[in-house]
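Report on one structure; see the data block that follows.
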Amino acid sequence: MKRTKTYFAADMHLGARYITDHRAHEARVTAFLDSIKDEAKRLYLLGDVLDYWFEYNSVVPRGHVRFFGKLAELADSGVEITWMTGNHDVWLRDYLRDEIGMTVVTGQLTVDINGHRFLLSHGDDIGPRSWNYRFMKWCFLNPVCQWLYAGIHPNISHRVATSWSSHNRTSRKIEHEADNMATTVAMLNDGIEQISREHPDIEYFVTGHLHCPGITHTASGATSVRLGDWLNGSSYAVWDGEQIELTCNK
């Protein structure tokens with residue numbers, strides 16, 4: 001069977017403390033990867049695949065063995081894998097790149113797929129962001145800050161980072177969640193509209209980050225795909241060479 005399809009997925013948050021059954025969650029993700037192995041030519045992971053990851057020079061964090069193994073299996077069979085870092089797995093560097101055989105990208109990526117122009121992004125770098133979020137992201141990407149953080153014992157840094165992530169997720173006000181999501185989607189759409197005006201050659205925008213799947217269109221007719229997440233179900237997009245389809249399973 002000839003492989004022709006391109007798959008996009010994001011926000012799996014493997015290892016997150018607030019996930020009650022980590023093994024079952026990882027199994028859903030690996031089952032998806034296994035299901036696409038005969039048809040996938042490319043796989044783009046658009047960030048926050050891991051809820052936390054910090055890459056040291058000589059050691060790696062525990063966990064996710066089945067997931068990493070399945071990625072390696074896909075890569076060994078010829079699937080082109082690109083992992084774009086998000087705000088949770090921002091410290092992905094060369095270990096998985098070299099061990100699995102994939103491409104790691106930080107920031108936006110513009111690619112041609114079957115003669116069509118795509119802009120891919122985790123999504124947190126499109127549209128306006130608060131100064132504190134921008135400062136936090138600057139710290140995460142700053143080499144000096146990373147060097148200082150690496151000096152903290154992993155037992156401490158891992159506990160602090162995962163606790164912070166869990167607190168941010170579980171402490172959100174439920175009664176305002178719909179309004180907050182509508183605001184962030186509008187910010188993303190505004191940012192995409194601006195890019196679309198500046199780069200009319202882009203036909204498709206694919207993003208993660210917002211945990212809110214959906215497809216919209218810009219004023220110029222470009223298609224914008226929000227991938228959603230894998231916390232309450234599973235959602236991903238597939239490009240067959242002519243059109244893109246978003247699949248959301250609960």
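The way I read the labels, and the way they are meant: chains A, B, ... in the order of the structure tokens, residue 1 as the first residue of every chain, and ligand 1 as the first ligand shown, with later ones counted on from there.
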Quick one: which range 1-35 of chain A residues come within 10 Å of range 78-87 of chain A, and what is the nearest atom pair for each with the distance in Å to one decimal, counting only C-alpha atoms, rows ordered by chain and ascending number, as CSV?
residue,atom,partner,partner_atom,distance
A:Arg3,CA,A:Val79,CA,8.7
A:Thr6,CA,A:Glu80,CA,9.3
A:Tyr7,CA,A:Ile81,CA,9.6
A:Phe8,CA,A:Thr82,CA,9.7
A:Ala9,CA,A:Trp83,CA,9.8
A:Ala10,CA,A:Gly86,CA,8.9
A:Asp11,CA,A:Gly86,CA,8.4
- prompt: Hey, what's within 6 Å of range 180-193 of chain A if we count only C-alpha atoms and toss same-chain stuff fewer than 5 positions away? As a list in words, please?
  reply: Ile126, Gly127 and Thr218 of chain A
- request: May I have all residues of range 5-224 of chain A that DSSP, computed from the backbone, assigns to strand (DSSP E or B), given as a PyMOL selection string?
  value: chain A and resi 5-9+14+40-45+50+54+80-84+91+103-105+109-113+116-121+204-207+214-217+223-224
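Residue neighbourhood of range 143-151 of chain A, excluding near-sequence residues (fewer than 2 positions): A:Phe54, A:Glu55, A:Tyr56, A:Asn57, A:Trp91, A:Trp138, A:Cys139, A:Phe140, A:Leu141, A:His153, A:Pro154, A:Ser157, at 10 Å, using only C-alpha atoms.
Running DSSP on the backbone and keeping only alpha helix (DSSP H), the residues of range 4-100 of chain A that qualify are His22, Arg23, Ala24, His25, Glu26, Ala27, Arg28, Val29, Thr30, Ala31, Phe32, Leu33, Asp34, Ser35, Val65, Arg66, Phe67, Phe68, Gly69, Lys70, Leu71, Ala72, Glu73, Leu74, Ala75, Asp76, Tyr95 and Leu96 of chain A.
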Report as a tab-separated table the residues of range 117-155 of chain A within 8 Å of range 40-51 of chain A, each with its shortest atom pair and distance in Å (one decimal), using only C-alpha atoms, ordered by chain and increasing residue number.
residue	atom	partner	partner_atom	distance
A:Leu120	CA	A:Leu46	CA	7.5
A:Ser121	CA	A:Leu46	CA	6.4
A:His122	CA	A:Leu46	CA	5.0
